[in-house]
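S.K.: Below you'll find the structure I mean.
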Amino acid sequence: MEETELMRRLAAGDRDGAAGALYDRFGPRLYGVGLRLLGDRGLAEELVQETFVRLWRSAGRFDPARGSASTFVFTIARRAAVDLHRRPSSRPLAELDERDLARREALESGDEFEHVVLGLELREALDELSEEQRSVLELHYREDLTQQQIAERLGLPLGTVKSRTLYGLRALKAELARRDADG
Amino acid sequence: MRMADGAHLDLGGYLLGALEPAEREAYERHLESCQECREELRDLGDLAPLLDVAFAADAADPPPELRVRTLAALEREVGPDARDRVLGLAPQRGERRWWVRRGGAFALATGLAAVAAFFVGRTYESRERGPVEVRAALSAPGDPSIDASAQVVKTGIGRVIEFRSEELPILPTGEFYELWFVGPGDTLAEPNRISAGTFHPDEEGRSHVTFAAAVDPAKYPVLSVTAEPGDGDPRRTGSEVLRSQP
């Protein structure tokens with residue numbers, strides 16, 4: 001079902017169906033954003049819950065003419081994340097260490113927040129690649145292998161690794177564009 | 001159609017930094033004379049830093065019970081305010097526009113009456129408190145100064161666990177407490193436990209938290225609180241700070 005339709009149903013009070021479907025679409029990415037930008041699992045879980053409570057309250061204000069459901073959800077999430085990070089009990093130590101400061105800057109800078117959201121969307125888009133394309137990207141990112149080393153590891157001609165890498169990147173770009181158009 | 005043979009194929013490896021030094025130098029020479037590669041490099045260029053995030057986040061799947069807890073949090077929201085919102089008694093500016101755009105007055109009235117009936121029913125159900133199934137005192141092994149209480153209450157939507165402690169120390173940044181239902185035979189190597197949720201004490205050291213639980217305490221009779229590192233591992237890895245007697 002289209003995300004716009006799910007938002008409409010949520011606004012109409014469909015807590016179980018629409019909220020559940022929206023959780024399945026956005027929950028894992030919200031959790032990932034929380035882990036990355038708030039720094040721990042507890043706060044990441046709170047971010048997911050707080051975002052959905054705020055989404056539930058404000059779903060009636062969603063206007064698809066002004067932006068996608070995804071943009072609406074992550075705008076709410078960014079505000080919720082900033083509030084959670086500012087809450088005194090989220091930072092039990094009185095002194096802010098450098099990591100805290102970096103997190104605060106990342107949260108309050110919309111660009112950095114969006115970068116993390118897009119990165120996590122790309123993670124979902126990786127599932128759309130063929131196993132062959134995904135594996136060459138994984139071997140580079142997880143084990144820091146060059147294409148030559150990947151070819152040796154997989155017993156493939158170097159040209160095959162190179163073409164899988166390039167075609168994989170193109171497919172990812174196309175998948176992001178498709179999601180953008182659908183959102 | 002894009003070219004994808006010969007030197008062009010190195011575009012992907014160049015973008016990711018996955019070429020050998022000699023390949024990289026050769027490709028940079030190729031780039032100087034290939035406008036098509038330069039354009040595609042610009043087109044795909046934002047993928048590399050995003051892939052850093054994508055692969056770094058690979059261990060970040062939320063715990064399965066978070067879905068239940070999130071939907072339960074919405075259930076708690078279905079109170080008088082939500083009912084007013086749906087009835088249109090206290091509409092926000094955007095909400096009024098939304099309703100008006102999508103239906104005539106009659107449809108609006110009948111539709112809202114049906115939705116309101118749904119909410120009234122749900123609200124009554126969600127506030128129905130059944131018996132206290134478990135009432136437990138939790139104590140800290142080796143530290144009598146710390147204790148806590150918890151009770152599990154049956155409600156219309158399942159179970160709610162209410163946990164209170166005044167003494168839990170505030171943890172270092174990044175760590176948090178986690179409340180567990182523990183079943184028989186639970187060990188670190190072979191866990192038999194279900195997380196009820198995570199929490200922090202407030203700035204005064206009070207931990208008064210309520211979780212929506214989807215666990216039968218008859219099967220998981222012991223309550224335990226651990227101090228967990230914020231390492232993204234959903235299993236119990238931290239030390240136990242409180243435990244109830246079975």
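Note on naming: chains are A, B, ... as they come in the structure tokens, residues start from 1 per chain, ligands start from 1 in the order shown.
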At a cut-off of 8 Å, which residues of chain A touch chain B? Count only C-alpha atoms and give the answer as a PDB file with N, CA and C atoms, in the first residue's frame.
M.R.:
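Below is the file iface-v4.pdb, written as the result:
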ATOM      1  N   ALA A  12      -7.060   8.635  10.177  1.00  0.00           N
ATOM      2  CA  ALA A  12      -8.461   8.259  10.408  1.00  0.00           C
ATOM      3  C   ALA A  12      -8.603   7.316  11.601  1.00  0.00           C
ATOM      4  N   GLY A  13      -7.480   6.991  12.257  1.00  0.00           N
ATOM      5  CA  GLY A  13      -7.574   6.200  13.477  1.00  0.00           C
ATOM      6  C   GLY A  13      -7.253   4.730  13.322  1.00  0.00           C
ATOM      7  N   ARG A  15      -5.142   2.377  13.956  1.00  0.00           N
ATOM      8  CA  ARG A  15      -3.914   2.199  14.718  1.00  0.00           C
ATOM      9  C   ARG A  15      -3.225   0.870  14.395  1.00  0.00           C
ATOM     10  N   ASP A  16      -4.010  -0.201  14.338  1.00  0.00           N
ATOM     11  CA  ASP A  16      -3.383  -1.513  14.183  1.00  0.00           C
ATOM     12  C   ASP A  16      -2.835  -1.735  12.781  1.00  0.00           C
ATOM     13  N   ALA A  19      -0.699   1.819  11.397  1.00  0.00           N
ATOM     14  CA  ALA A  19       0.484   2.072  12.226  1.00  0.00           C
ATOM     15  C   ALA A  19       1.465   0.912  12.120  1.00  0.00           C
ATOM     16  N   GLY A  20       0.933  -0.304  12.091  1.00  0.00           N
ATOM     17  CA  GLY A  20       1.815  -1.471  11.960  1.00  0.00           C
ATOM     18  C   GLY A  20       2.566  -1.460  10.641  1.00  0.00           C
ATOM     19  N   TYR A  23       5.147   1.188  10.758  1.00  0.00           N
ATOM     20  CA  TYR A  23       6.292   0.734  11.564  1.00  0.00           C
ATOM     21  C   TYR A  23       7.200  -0.152  10.713  1.00  0.00           C
ATOM     22  N   GLY A  27      10.202   1.831  10.934  1.00  0.00           N
ATOM     23  CA  GLY A  27      10.732   1.504  12.263  1.00  0.00           C
ATOM     24  C   GLY A  27      12.214   1.136  12.256  1.00  0.00           C
ATOM     25  N   PRO A  28      12.623   0.189  11.401  1.00  0.00           N
ATOM     26  CA  PRO A  28      14.038  -0.194  11.420  1.00  0.00           C
ATOM     27  C   PRO A  28      14.981   0.970  11.086  1.00  0.00           C
ATOM     28  N   TYR A  31      15.184   3.277  14.037  1.00  0.00           N
ATOM     29  CA  TYR A  31      16.026   2.682  15.078  1.00  0.00           C
ATOM     30  C   TYR A  31      17.504   2.863  14.720  1.00  0.00           C
ATOM     31  N   GLY A  32      17.813   2.645  13.449  1.00  0.00           N
ATOM     32  CA  GLY A  32      19.201   2.828  13.003  1.00  0.00           C
ATOM     33  C   GLY A  32      19.662   4.266  13.164  1.00  0.00           C
ATOM     34  N   LEU A  35      20.341   4.792  16.842  1.00  0.00           N
ATOM     35  CA  LEU A  35      21.608   4.195  17.273  1.00  0.00           C
ATOM     36  C   LEU A  35      22.783   5.049  16.829  1.00  0.00           C
ATOM     37  N   ARG A  36      22.705   5.498  15.602  1.00  0.00           N
ATOM     38  CA  ARG A  36      23.830   6.241  15.032  1.00  0.00           C
ATOM     39  C   ARG A  36      23.957   7.631  15.663  1.00  0.00           C
ATOM     40  N   GLY A  39      23.292   7.193  20.052  1.00  0.00           N
ATOM     41  CA  GLY A  39      24.425   6.482  20.640  1.00  0.00           C
ATOM     42  C   GLY A  39      24.122   5.258  21.455  1.00  0.00           C
ATOM     43  N   ASP A  40      22.868   4.969  21.790  1.00  0.00           N
ATOM     44  CA  ASP A  40      22.649   3.697  22.475  1.00  0.00           C
ATOM     45  C   ASP A  40      21.274   3.116  22.159  1.00  0.00           C
ATOM     46  N   ARG A  41      21.163   1.837  22.460  1.00  0.00           N
ATOM     47  CA  ARG A  41      19.952   1.108  22.081  1.00  0.00           C
ATOM     48  C   ARG A  41      18.726   1.623  22.801  1.00  0.00           C
ATOM     49  N   GLY A  42      18.904   1.970  24.090  1.00  0.00           N
ATOM     50  CA  GLY A  42      17.762   2.441  24.862  1.00  0.00           C
ATOM     51  C   GLY A  42      17.174   3.699  24.259  1.00  0.00           C
ATOM     52  N   GLU A  45      15.453   3.032  20.921  1.00  0.00           N
ATOM     53  CA  GLU A  45      14.097   2.498  21.084  1.00  0.00           C
ATOM     54  C   GLU A  45      13.127   3.612  21.468  1.00  0.00           C
ATOM     55  N   VAL A  48      12.148   5.595  18.408  1.00  0.00           N
ATOM     56  CA  VAL A  48      11.129   4.955  17.569  1.00  0.00           C
ATOM     57  C   VAL A  48       9.740   5.180  18.172  1.00  0.00           C
ATOM     58  N   GLN A  49       9.628   4.921  19.477  1.00  0.00           N
ATOM     59  CA  GLN A  49       8.312   5.060  20.109  1.00  0.00           C
ATOM     60  C   GLN A  49       7.842   6.504  20.086  1.00  0.00           C
ATOM     61  N   PHE A  52       6.646   7.605  16.679  1.00  0.00           N
ATOM     62  CA  PHE A  52       5.326   7.082  16.298  1.00  0.00           C
ATOM     63  C   PHE A  52       4.205   7.731  17.105  1.00  0.00           C
ATOM     64  N   VAL A  53       4.466   8.036  18.364  1.00  0.00           N
ATOM     65  CA  VAL A  53       3.428   8.732  19.145  1.00  0.00           C
ATOM     66  C   VAL A  53       3.163  10.111  18.531  1.00  0.00           C
ATOM     67  N   TRP A  56       1.352   9.724  15.235  1.00  0.00           N
ATOM     68  CA  TRP A  56      -0.058   9.417  15.488  1.00  0.00           C
ATOM     69  C   TRP A  56      -0.840  10.690  15.786  1.00  0.00           C
ATOM     70  N   ARG A  57      -0.215  11.559  16.600  1.00  0.00           N
ATOM     71  CA  ARG A  57      -0.918  12.799  16.963  1.00  0.00           C
ATOM     72  C   ARG A  57      -1.035  13.763  15.775  1.00  0.00           C
ATOM     73  N   GLY A  60      -2.899  13.839  10.894  1.00  0.00           N
ATOM     74  CA  GLY A  60      -3.915  14.625  10.206  1.00  0.00           C
ATOM     75  C   GLY A  60      -3.348  15.860   9.514  1.00  0.00           C
ATOM     76  N   ARG A  61      -2.158  16.251   9.921  1.00  0.00           N
ATOM     77  CA  ARG A  61      -1.558  17.431   9.294  1.00  0.00           C
ATOM     78  C   ARG A  61      -0.717  17.072   8.076  1.00  0.00           C
ATOM     79  N   PHE A  62      -0.575  15.776   7.811  1.00  0.00           N
ATOM     80  CA  PHE A  62       0.212  15.374   6.639  1.00  0.00           C
ATOM     81  C   PHE A  62      -0.503  15.777   5.359  1.00  0.00           C
ATOM     82  N   ASP A  63       0.218  16.466   4.505  1.00  0.00           N
ATOM     83  CA  ASP A  63      -0.342  16.909   3.234  1.00  0.00           C
ATOM     84  C   ASP A  63       0.600  16.442   2.125  1.00  0.00           C
ATOM     85  N   PRO A  88      17.921  15.854  30.126  1.00  0.00           N
ATOM     86  CA  PRO A  88      19.064  15.651  31.018  1.00  0.00           C
ATOM     87  C   PRO A  88      19.362  14.177  31.287  1.00  0.00           C
ATOM     88  N   SER A  89      18.315  13.368  31.459  1.00  0.00           N
ATOM     89  CA  SER A  89      18.584  11.978  31.820  1.00  0.00           C
ATOM     90  C   SER A  89      19.150  11.173  30.662  1.00  0.00           C
ATOM     91  N   SER A  90      19.137  11.741  29.445  1.00  0.00           N
ATOM     92  CA  SER A  90      19.755  11.035  28.330  1.00  0.00           C
ATOM     93  C   SER A  90      21.269  11.153  28.379  1.00  0.00           C
ATOM     94  N   ARG A  91      21.731  12.133  29.127  1.00  0.00           N
ATOM     95  CA  ARG A  91      23.179  12.326  29.220  1.00  0.00           C
ATOM     96  C   ARG A  91      23.528  12.413  30.701  1.00  0.00           C
ATOM     97  N   PRO A  92      23.656  11.250  31.332  1.00  0.00           N
ATOM     98  CA  PRO A  92      23.776  11.247  32.780  1.00  0.00           C
ATOM     99  C   PRO A  92      25.011  11.984  33.296  1.00  0.00           C
ATOM    100  N   LEU A  93      26.073  12.006  32.554  1.00  0.00           N
ATOM    101  CA  LEU A  93      27.253  12.706  33.038  1.00  0.00           C
ATOM    102  C   LEU A  93      27.085  14.195  32.779  1.00  0.00           C
ATOM    103  N   HIS A 115      21.695  12.662   5.909  1.00  0.00           N
ATOM    104  CA  HIS A 115      22.736  11.758   5.403  1.00  0.00           C
ATOM    105  C   HIS A 115      22.584  10.363   6.023  1.00  0.00           C
ATOM    106  N   VAL A 116      22.340  10.344   7.329  1.00  0.00           N
ATOM    107  CA  VAL A 116      22.172   9.054   7.996  1.00  0.00           C
ATOM    108  C   VAL A 116      20.884   8.368   7.527  1.00  0.00           C
ATOM    109  N   LEU A 118      19.424   8.690   4.655  1.00  0.00           N
ATOM    110  CA  LEU A 118      19.636   8.181   3.296  1.00  0.00           C
ATOM    111  C   LEU A 118      20.539   6.949   3.296  1.00  0.00           C
ATOM    112  N   GLY A 119      21.542   6.972   4.159  1.00  0.00           N
ATOM    113  CA  GLY A 119      22.432   5.813   4.253  1.00  0.00           C
ATOM    114  C   GLY A 119      21.670   4.566   4.670  1.00  0.00           C
ATOM    115  N   LEU A 120      20.728   4.747   5.594  1.00  0.00           N
ATOM    116  CA  LEU A 120      19.947   3.595   6.044  1.00  0.00           C
ATOM    117  C   LEU A 120      18.929   3.169   4.993  1.00  0.00           C
ATOM    118  N   GLU A 121      18.467   4.122   4.216  1.00  0.00           N
ATOM    119  CA  GLU A 121      17.580   3.757   3.102  1.00  0.00           C
ATOM    120  C   GLU A 121      18.377   2.954   2.074  1.00  0.00           C
ATOM    121  N   LEU A 122      19.622   3.367   1.880  1.00  0.00           N
ATOM    122  CA  LEU A 122      20.481   2.640   0.937  1.00  0.00           C
ATOM    123  C   LEU A 122      20.711   1.207   1.419  1.00  0.00           C
ATOM    124  N   ARG A 123      20.788   1.059   2.727  1.00  0.00           N
ATOM    125  CA  ARG A 123      20.947  -0.291   3.283  1.00  0.00           C
ATOM    126  C   ARG A 123      19.763  -1.166   2.877  1.00  0.00           C
ATOM    127  N   GLU A 138      29.988  -5.804  -0.482  1.00  0.00           N
ATOM    128  CA  GLU A 138      30.176  -6.198   0.925  1.00  0.00           C
ATOM    129  C   GLU A 138      31.635  -6.516   1.227  1.00  0.00           C
ATOM    130  N   HIS A 140      34.232  -5.385  -0.164  1.00  0.00           N
ATOM    131  CA  HIS A 140      35.033  -4.161  -0.093  1.00  0.00           C
ATOM    132  C   HIS A 140      34.774  -3.428   1.218  1.00  0.00           C
ATOM    133  N   TYR A 141      33.497  -3.251   1.574  1.00  0.00           N
ATOM    134  CA  TYR A 141      33.199  -2.446   2.764  1.00  0.00           C
ATOM    135  C   TYR A 141      33.495  -3.183   4.068  1.00  0.00           C
ATOM    136  N   ARG A 142      33.249  -4.484   4.083  1.00  0.00           N
ATOM    137  CA  ARG A 142      33.443  -5.202   5.343  1.00  0.00           C
ATOM    138  C   ARG A 142      34.895  -5.586   5.576  1.00  0.00           C
ATOM    139  N   ASP A 144      37.561  -4.431   3.514  1.00  0.00           N
ATOM    140  CA  ASP A 144      38.472  -3.454   2.930  1.00  0.00           C
ATOM    141  C   ASP A 144      39.334  -4.096   1.829  1.00  0.00           C
ATOM    142  N   LEU A 145      38.737  -4.945   1.037  1.00  0.00           N
ATOM    143  CA  LEU A 145      39.479  -5.601  -0.046  1.00  0.00           C
ATOM    144  C   LEU A 145      39.420  -4.745  -1.307  1.00  0.00           C
ATOM    145  N   THR A 146      40.500  -4.768  -2.080  1.00  0.00           N
ATOM    146  CA  THR A 146      40.471  -4.137  -3.404  1.00  0.00           C
ATOM    147  C   THR A 146      39.744  -5.071  -4.377  1.00  0.00           C
ATOM    148  N   GLN A 147      39.446  -4.561  -5.543  1.00  0.00           N
ATOM    149  CA  GLN A 147      38.755  -5.415  -6.521  1.00  0.00           C
ATOM    150  C   GLN A 147      39.630  -6.615  -6.909  1.00  0.00           C
ATOM    151  N   GLN A 148      40.932  -6.389  -6.996  1.00  0.00           N
ATOM    152  CA  GLN A 148      41.850  -7.494  -7.317  1.00  0.00           C
ATOM    153  C   GLN A 148      41.753  -8.589  -6.253  1.00  0.00           C
ATOM    154  N   GLY A 159      37.669  -8.571 -14.428  1.00  0.00           N
ATOM    155  CA  GLY A 159      36.676  -7.787 -15.164  1.00  0.00           C
ATOM    156  C   GLY A 159      35.256  -8.036 -14.658  1.00  0.00           C
ATOM    157  N   LYS A 162      34.767  -6.032 -11.561  1.00  0.00           N
ATOM    158  CA  LYS A 162      34.619  -4.611 -11.890  1.00  0.00           C
ATOM    159  C   LYS A 162      33.220  -4.321 -12.448  1.00  0.00           C
ATOM    160  N   SER A 163      32.745  -5.173 -13.323  1.00  0.00           N
ATOM    161  CA  SER A 163      31.427  -4.899 -13.902  1.00  0.00           C
ATOM    162  C   SER A 163      30.330  -5.073 -12.851  1.00  0.00           C
ATOM    163  N   THR A 165      30.598  -4.475  -9.702  1.00  0.00           N
ATOM    164  CA  THR A 165      30.659  -3.287  -8.834  1.00  0.00           C
ATOM    165  C   THR A 165      29.940  -2.113  -9.494  1.00  0.00           C
ATOM    166  N   LEU A 166      30.295  -1.843 -10.752  1.00  0.00           N
ATOM    167  CA  LEU A 166      29.714  -0.684 -11.428  1.00  0.00           C
ATOM    168  C   LEU A 166      28.205  -0.858 -11.638  1.00  0.00           C
ATOM    169  N   LEU A 169      26.371  -0.365  -8.368  1.00  0.00           N
ATOM    170  CA  LEU A 169      26.221   1.041  -7.986  1.00  0.00           C
ATOM    171  C   LEU A 169      25.122   1.706  -8.810  1.00  0.00           C
ATOM    172  N   ARG A 170      25.094   1.399 -10.100  1.00  0.00           N
ATOM    173  CA  ARG A 170      24.035   1.985 -10.938  1.00  0.00           C
ATOM    174  C   ARG A 170      22.658   1.511 -10.473  1.00  0.00           C
ATOM    175  N   LYS A 173      21.616   3.370  -7.382  1.00  0.00           N
ATOM    176  CA  LYS A 173      21.176   4.739  -7.695  1.00  0.00           C
ATOM    177  C   LYS A 173      19.744   4.711  -8.250  1.00  0.00           C
TER     178      LYS A 173
END
S.K.: Enter the distance from atom CA of Ala213 of chain B to atom CA of Ala137 of chain B, in Å, rounded to one decimal.
M.R.: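 So the answer is 18.2 Å.
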S.K.: Provide the atom CA of Ser239 of chain B to atom CA of Ser149 of chain B distance in Å, to one decimal place.
M.R.: 19.0 Å
S.K.: Identify which of the residues A:Thr160, A:Ser70, A:Ser109, A:Ser135 lies closest to Thr4 of chain A, counting only C-alpha atoms when measuring atom-to-atom distances.
M.R.: A:Ser70
S.K.: Give me the residues near Phe211 of chain B as a ChimeraX atom specification, where near means some atom within 7 Å (using only C-alpha atoms) and where sequence neighbours in that chain fewer than 5 positions away do not count.
M.R.: /B:160-162,196-197
S.K.: Take the residues from that selection and write them out as an mmCIF file, in the first residue's frame, keeping N, CA and C atoms.
M.R.:
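Output file selection-v2.cif follows:
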data_model
loop_
_atom_site.group_PDB
_atom_site.id
_atom_site.type_symbol
_atom_site.label_atom_id
_atom_site.label_comp_id
_atom_site.auth_asym_id
_atom_site.auth_seq_id
_atom_site.Cartn_x
_atom_site.Cartn_y
_atom_site.Cartn_z
ATOM 1 N N VAL B 160 0.855 -5.292 31.476
ATOM 2 C CA VAL B 160 1.668 -4.102 31.708
ATOM 3 C C VAL B 160 2.563 -4.395 32.897
ATOM 4 N N ILE B 161 3.823 -4.067 32.781
ATOM 5 C CA ILE B 161 4.721 -4.226 33.925
ATOM 6 C C ILE B 161 5.133 -2.844 34.419
ATOM 7 N N GLU B 162 4.916 -2.638 35.721
ATOM 8 C CA GLU B 162 5.248 -1.343 36.332
ATOM 9 C C GLU B 162 6.448 -1.568 37.242
ATOM 10 N N ALA B 196 11.795 -6.833 28.496
ATOM 11 C CA ALA B 196 10.572 -6.023 28.619
ATOM 12 C C ALA B 196 10.823 -4.609 28.142
ATOM 13 N N GLY B 197 12.080 -4.177 28.150
ATOM 14 C CA GLY B 197 12.378 -2.823 27.692
ATOM 15 C C GLY B 197 13.606 -2.268 28.396
#
